[in-house]
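What follows is the content of work21.txt (compact mmCIF, C-alpha atoms).
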# COMPACT_ATOMS: atom_id res chain seq x y z
CA SER A 20 -18.53 -33.47 -23.76
CA ARG A 21 -21.12 -34.27 -26.46
CA ALA A 22 -21.05 -30.68 -27.70
CA ARG A 23 -17.24 -30.59 -27.68
CA ALA A 24 -17.14 -33.76 -29.79
CA ASP A 25 -19.06 -31.95 -32.54
CA LEU A 26 -16.89 -28.79 -32.70
CA GLY A 27 -16.14 -27.82 -36.30
CA PRO A 28 -17.95 -27.51 -39.63
CA GLN A 29 -21.08 -29.63 -39.94
CA GLU A 30 -22.78 -28.51 -43.19
CA ASN A 31 -20.95 -31.01 -45.39
CA ILE A 32 -23.91 -31.69 -47.72
CA GLY A 33 -25.45 -28.25 -48.27
CA LYS A 34 -26.97 -25.22 -46.59
CA ASN A 35 -28.24 -26.31 -43.15
CA ASP A 36 -27.58 -29.91 -44.14
CA GLY A 37 -24.91 -32.41 -43.18
CA THR A 38 -24.35 -35.96 -42.04
CA ARG A 39 -24.33 -35.08 -38.32
CA ILE A 40 -27.07 -32.46 -38.75
CA ARG A 41 -29.34 -35.17 -40.17
CA GLU A 42 -28.63 -37.21 -37.02
CA TYR A 43 -29.72 -34.23 -34.90
CA PHE A 44 -33.07 -34.08 -36.71
CA GLN A 45 -33.70 -37.84 -36.55
CA HIS A 46 -34.66 -37.48 -32.89
CA PHE A 47 -37.57 -35.28 -33.98
CA ASN A 48 -38.61 -37.09 -37.19
CA SER A 49 -37.85 -33.96 -39.15
CA PRO A 50 -35.70 -33.37 -42.22
CA ALA A 51 -32.56 -31.24 -42.07
CA ALA A 52 -32.18 -28.13 -44.27
CA GLN A 53 -33.43 -25.76 -41.56
CA ASP A 54 -31.84 -23.90 -38.65
CA TRP A 55 -30.31 -26.55 -36.42
CA CYS A 56 -28.93 -25.00 -33.21
CA ALA A 57 -31.80 -26.32 -31.06
CA ALA A 58 -31.72 -29.77 -32.70
CA ALA A 59 -27.99 -29.96 -31.91
CA VAL A 60 -28.38 -28.95 -28.24
CA SER A 61 -31.34 -31.31 -27.83
CA THR A 62 -29.34 -34.18 -29.35
CA TRP A 63 -26.37 -33.53 -27.06
CA MET A 64 -28.71 -33.62 -24.09
CA ILE A 65 -30.32 -36.88 -25.29
CA GLU A 66 -26.91 -38.46 -25.93
CA ALA A 67 -25.75 -37.44 -22.45
CA GLY A 68 -28.60 -39.42 -20.88
CA GLY A 69 -31.62 -37.17 -21.26
CA GLY A 70 -32.88 -34.23 -19.31
CA PRO A 71 -35.88 -32.77 -17.54
CA ILE A 72 -37.30 -31.65 -20.90
CA SER A 73 -37.81 -33.35 -24.27
CA GLY A 74 -35.93 -30.73 -26.30
CA GLY A 75 -37.00 -29.77 -29.78
CA LEU A 76 -36.34 -27.75 -32.88
CA GLY A 77 -36.89 -24.22 -31.54
CA ALA A 78 -34.62 -22.44 -29.06
CA LYS A 79 -37.44 -20.42 -27.50
CA ASN A 80 -39.59 -23.56 -27.32
CA ILE A 81 -36.82 -25.21 -25.31
CA ALA A 82 -36.75 -22.17 -22.99
CA THR A 83 -40.51 -22.62 -22.46
CA GLN A 84 -39.96 -26.30 -21.66
CA PHE A 85 -37.38 -25.38 -19.01
CA GLN A 86 -39.84 -22.83 -17.58
CA SER A 87 -42.59 -25.47 -17.38
CA ALA A 88 -40.17 -27.87 -15.66
CA GLY A 89 -39.26 -25.22 -13.06
CA ARG A 90 -35.65 -25.23 -14.28
CA TRP A 91 -35.43 -21.79 -15.93
CA VAL A 92 -33.63 -18.67 -14.71
CA PRO A 93 -34.48 -15.44 -16.55
CA LYS A 94 -31.61 -13.13 -17.43
CA ASP A 95 -32.29 -10.65 -14.60
CA LYS A 96 -32.09 -13.39 -11.95
CA ILE A 97 -28.96 -15.24 -13.14
CA THR A 98 -26.45 -16.05 -10.37
CA PRO A 99 -22.92 -17.46 -10.73
CA ASP A 100 -24.28 -20.92 -9.77
CA ASP A 101 -26.61 -20.81 -12.78
CA MET A 102 -23.64 -20.45 -15.14
CA THR A 103 -22.48 -24.02 -14.49
CA PRO A 104 -20.97 -25.81 -17.49
CA GLY A 105 -23.59 -27.99 -19.14
CA ASN A 106 -26.48 -25.62 -18.49
CA ILE A 107 -28.31 -24.25 -21.53
CA VAL A 108 -28.38 -20.58 -22.61
CA VAL A 109 -31.06 -19.14 -24.88
CA TRP A 110 -31.07 -15.88 -26.82
CA GLN A 111 -33.70 -13.90 -28.69
CA ARG A 112 -33.09 -13.26 -32.40
CA GLY A 113 -34.77 -10.40 -34.18
CA ASP A 114 -38.22 -9.25 -33.10
CA PRO A 115 -38.82 -10.15 -29.42
CA ASN A 116 -42.35 -11.32 -30.31
CA SER A 117 -41.11 -13.78 -32.93
CA TRP A 118 -40.28 -17.44 -32.40
CA HIS A 119 -36.67 -16.87 -33.59
CA GLY A 120 -34.01 -17.65 -31.04
CA HIS A 121 -30.60 -19.21 -30.59
CA ILE A 122 -29.30 -21.73 -28.06
CA GLY A 123 -26.03 -23.11 -26.74
CA VAL A 124 -24.40 -25.09 -23.93
CA ILE A 125 -22.32 -23.28 -21.30
CA GLU A 126 -18.75 -24.53 -21.43
CA SER A 127 -17.13 -22.15 -18.95
CA TYR A 128 -17.81 -19.03 -16.90
CA ASP A 129 -15.32 -16.47 -15.61
CA GLY A 130 -17.22 -15.96 -12.33
CA ARG A 131 -18.16 -12.37 -13.18
CA SER A 132 -19.91 -11.66 -16.45
CA THR A 133 -18.33 -13.56 -19.34
CA PHE A 134 -19.07 -17.10 -20.41
CA THR A 135 -18.12 -19.40 -23.25
CA SER A 136 -20.76 -21.54 -24.88
CA ILE A 137 -20.77 -24.20 -27.56
CA GLU A 138 -23.39 -23.51 -30.21
CA GLY A 139 -24.52 -25.21 -33.37
CA ASN A 140 -25.51 -23.38 -36.58
CA SER A 141 -23.07 -20.65 -35.67
CA GLY A 142 -19.61 -19.38 -36.57
CA PRO A 143 -18.32 -17.13 -39.34
CA LYS A 144 -20.21 -19.03 -42.03
CA VAL A 145 -23.05 -20.11 -39.70
CA ASP A 146 -22.33 -23.70 -40.70
CA SER A 147 -20.51 -25.05 -37.67
CA VAL A 148 -20.49 -26.01 -34.05
CA VAL A 149 -18.27 -23.37 -32.43
CA ARG A 150 -17.22 -21.85 -29.14
CA ASN A 151 -18.44 -18.29 -28.66
CA THR A 152 -17.73 -15.88 -25.83
CA HIS A 153 -20.65 -13.86 -24.47
CA SER A 154 -21.57 -11.46 -21.70
CA ILE A 155 -24.45 -12.03 -19.32
CA SER A 156 -25.48 -8.44 -20.03
CA GLU A 157 -26.13 -9.06 -23.75
CA PRO A 158 -29.56 -7.58 -24.53
CA SER A 159 -30.61 -10.66 -26.50
CA LEU A 160 -29.86 -13.16 -23.71
CA LEU A 161 -33.15 -14.54 -22.38
CA GLY A 162 -31.94 -16.84 -19.63
CA VAL A 163 -30.50 -20.19 -18.56
CA GLY A 164 -32.04 -23.65 -18.56
CA LEU A 165 -30.73 -25.64 -15.61
CA LEU A 166 -29.36 -29.11 -16.20
CA SER A 167 -26.93 -28.91 -13.27
CA ASN A 168 -27.95 -31.13 -10.36
CA TYR A 169 -30.20 -33.12 -12.70
CA GLU A 170 -29.57 -36.84 -12.84
CA PRO A 171 -31.01 -38.52 -15.93
CA ARG A 172 -33.65 -41.13 -15.08
CA GLU A 173 -31.69 -43.89 -16.79
CA LYS A 174 -28.62 -43.13 -14.69
CA SER A 175 -30.58 -42.93 -11.44
CA LYS A 176 -32.37 -46.21 -12.27
CA ALA A 177 -29.03 -47.82 -13.09
CA ALA A 178 -27.50 -46.50 -9.85
CA ALA A 179 -30.45 -47.81 -7.81
CA SER A 180 -30.24 -51.18 -9.54
CA GLU A 181 -26.48 -51.40 -8.91
CA GLN A 182 -27.03 -50.49 -5.25
CA SER A 183 -29.64 -53.26 -4.95
CA ASN A 184 -27.26 -55.73 -6.58
CA LYS A 185 -24.48 -54.78 -4.16
CA LEU A 186 -26.79 -55.31 -1.19
CA LEU A 187 -27.86 -58.71 -2.54
CA ARG A 188 -24.22 -59.74 -3.02
CA ILE A 189 -23.41 -58.68 0.55
CA ALA A 190 -26.43 -60.59 1.89
CA HIS A 191 -25.42 -63.72 -0.04
CA CYS A 192 -21.88 -63.40 1.24
CA TYR A 193 -23.08 -63.18 4.85
CA GLN A 194 -25.39 -66.15 4.29
CA ARG A 195 -22.50 -68.22 2.96
CA LEU A 196 -20.30 -67.23 5.88
CA ALA A 197 -23.06 -67.96 8.39
CA CYS A 198 -23.94 -71.28 6.76
CA GLY A 199 -20.28 -72.18 6.46
CA SER A 200 -19.63 -71.58 10.15
CA GLN A 201 -22.80 -73.50 11.10
CA PHE A 202 -21.72 -76.37 8.85
CA THR A 203 -18.27 -76.42 10.49
CA LYS A 204 -19.86 -76.51 13.95
CA MET A 205 -22.13 -79.36 12.91
CA VAL A 206 -19.25 -81.48 11.57

Write-out of the structure in structure tokens:
Amino acid sequence: SRARADLGPQENIGKNDGTRIREYFQHFNSPAAQDWCAAAVSTWMIEAGGGPISGGLGAKNIATQFQSAGRWVPKDKITPDDMTPGNIVVWQRGDPNSWHGHIGVIESYDGRSTFTSIEGNSGPKVDSVVRNTHSISEPSLLGVGLLSNYEPREKSKAAASEQSNKLLRIAHCYQRLACGSQFTKMV
């Protein structure tokens, strides 16, 4: 949903620069005016509650973070379950030995071989957040970073805290009922 909210042109100040793009880079204490696909995906993840990785400014760096976290599926091992909306896809750009890559968020999957992703620093003018349709068999596809089945720490802490509060309220309610019935018996 964070990626969908940013669909459309973003470079409203200059090449690789825009109001929202500057917000993407703020998370990494870095200026805009550079390729921003990874900064956008990282920001969407942060805004959605965080993830198992810190994110960053390089697509292939993010792939390495997913690998280190044990949440990476290389292209040749991708299953339909890995193509869950919200998971992250990473591509190679140019020379396979270079740091250049591209990254997006899976929006949908046809169950066979085609998926739609939302990507920043893309589109006809490479100045937008757009939907693109891809095939799993694209030679440049490196793999998928898994965010599915990951619950951000803040959400799990909040859920645990709410559960504790519910139990306390139930305990207090029982105490009041028990004390009330004892009080009635005593009177």

Measuring between only C-alpha atoms, which one of A:Ala52, A:Tyr169, A:Ser61, A:Ile155 shows the shortest distance to Gly123 of chain A?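 Counting only C-alpha atoms, the residue closest to Gly123 of chain A is A:Ser61.
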
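Distances here use only C-alpha atoms; by that measure, the residue among A:Ser141, A:Gln45, A:Ser132, A:Ser20 closest to Trp63 of chain A is A:Ser20.
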
d(atom CA of Arg23 of chain A, atom CA of Leu166 of chain A) in Å: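 Taking atom CA of Arg23 of chain A and atom CA of Leu166 of chain A, their separation equals 16.8 Å.
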
Among A:Ile107, A:Ile125, A:Val148, A:Thr38, Ile72 of chain A is approached most closely, using all atoms listed in the file, by A:Ile107

Compare A:Asp146, A:Glu138, A:Glu126, A:Asp101 by their minimum atom-to-atom distance to Val163 of chain A, counting all atoms listed in the file, and give me the closest one.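 Among the listed residues, the smallest separation from Val163 of chain A belongs to A:Asp101.
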
Which residue gives the smallest distance to Ile97 of chain A among A:Arg41, A:Gly130, A:Asn140, A:Cys56, with all atoms listed in the file counted? A:Gly130

Enclose all atoms of segment 83-95 of chain A listed in the file in an axis-aligned box, grow every side by 6 Å, and hand back centre and edge lengths in Å to one decimal, as AutoDock Vina command-line options.
--center_x -37.1 --center_y -19.3 --center_z -17.8 --size_x 23.0 --size_y 29.2 --size_z 21.4

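Distance annotation: of A:Gly162, A:Ser49, A:Asp100, A:Tyr128, the residue with the minimal separation from Gln86 of chain A is A:Gly162; atom set is only C-alpha atoms.
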
So what do you get for atom CA of Asn151 of chain A versus atom CA of Pro104 of chain A, distance-wise?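 Between atom CA of Asn151 of chain A and atom CA of Pro104 of chain A the gap works out to 13.7 Å.
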
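In this structure, atom CA of Gly105 of chain A sits 27.8 Å away from atom CA of Lys34 of chain A.
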
Give me, as a list in words, all polymer residues having an atom no more than 9 Å from Ile81 of chain A, counting all atoms listed in the file and skipping those fewer than 2 positions away in the same chain.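 The residues that qualify are Ala57, Ser61, Ile72, Ser73, Gly74, Gly75, Leu76, Gly77, Ala78, Lys79, Thr83, Gln84, Phe85, Gln86, Val109, Ile122 and Gly164 of chain A.
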
Got a sec: who's within 10 Å of Val145 of chain A, counting only C-alpha atoms, leaving out chain neighbours fewer than 6 positions off, as a PyMOL selection string? chain A and resi 28-30+34-35+54+139
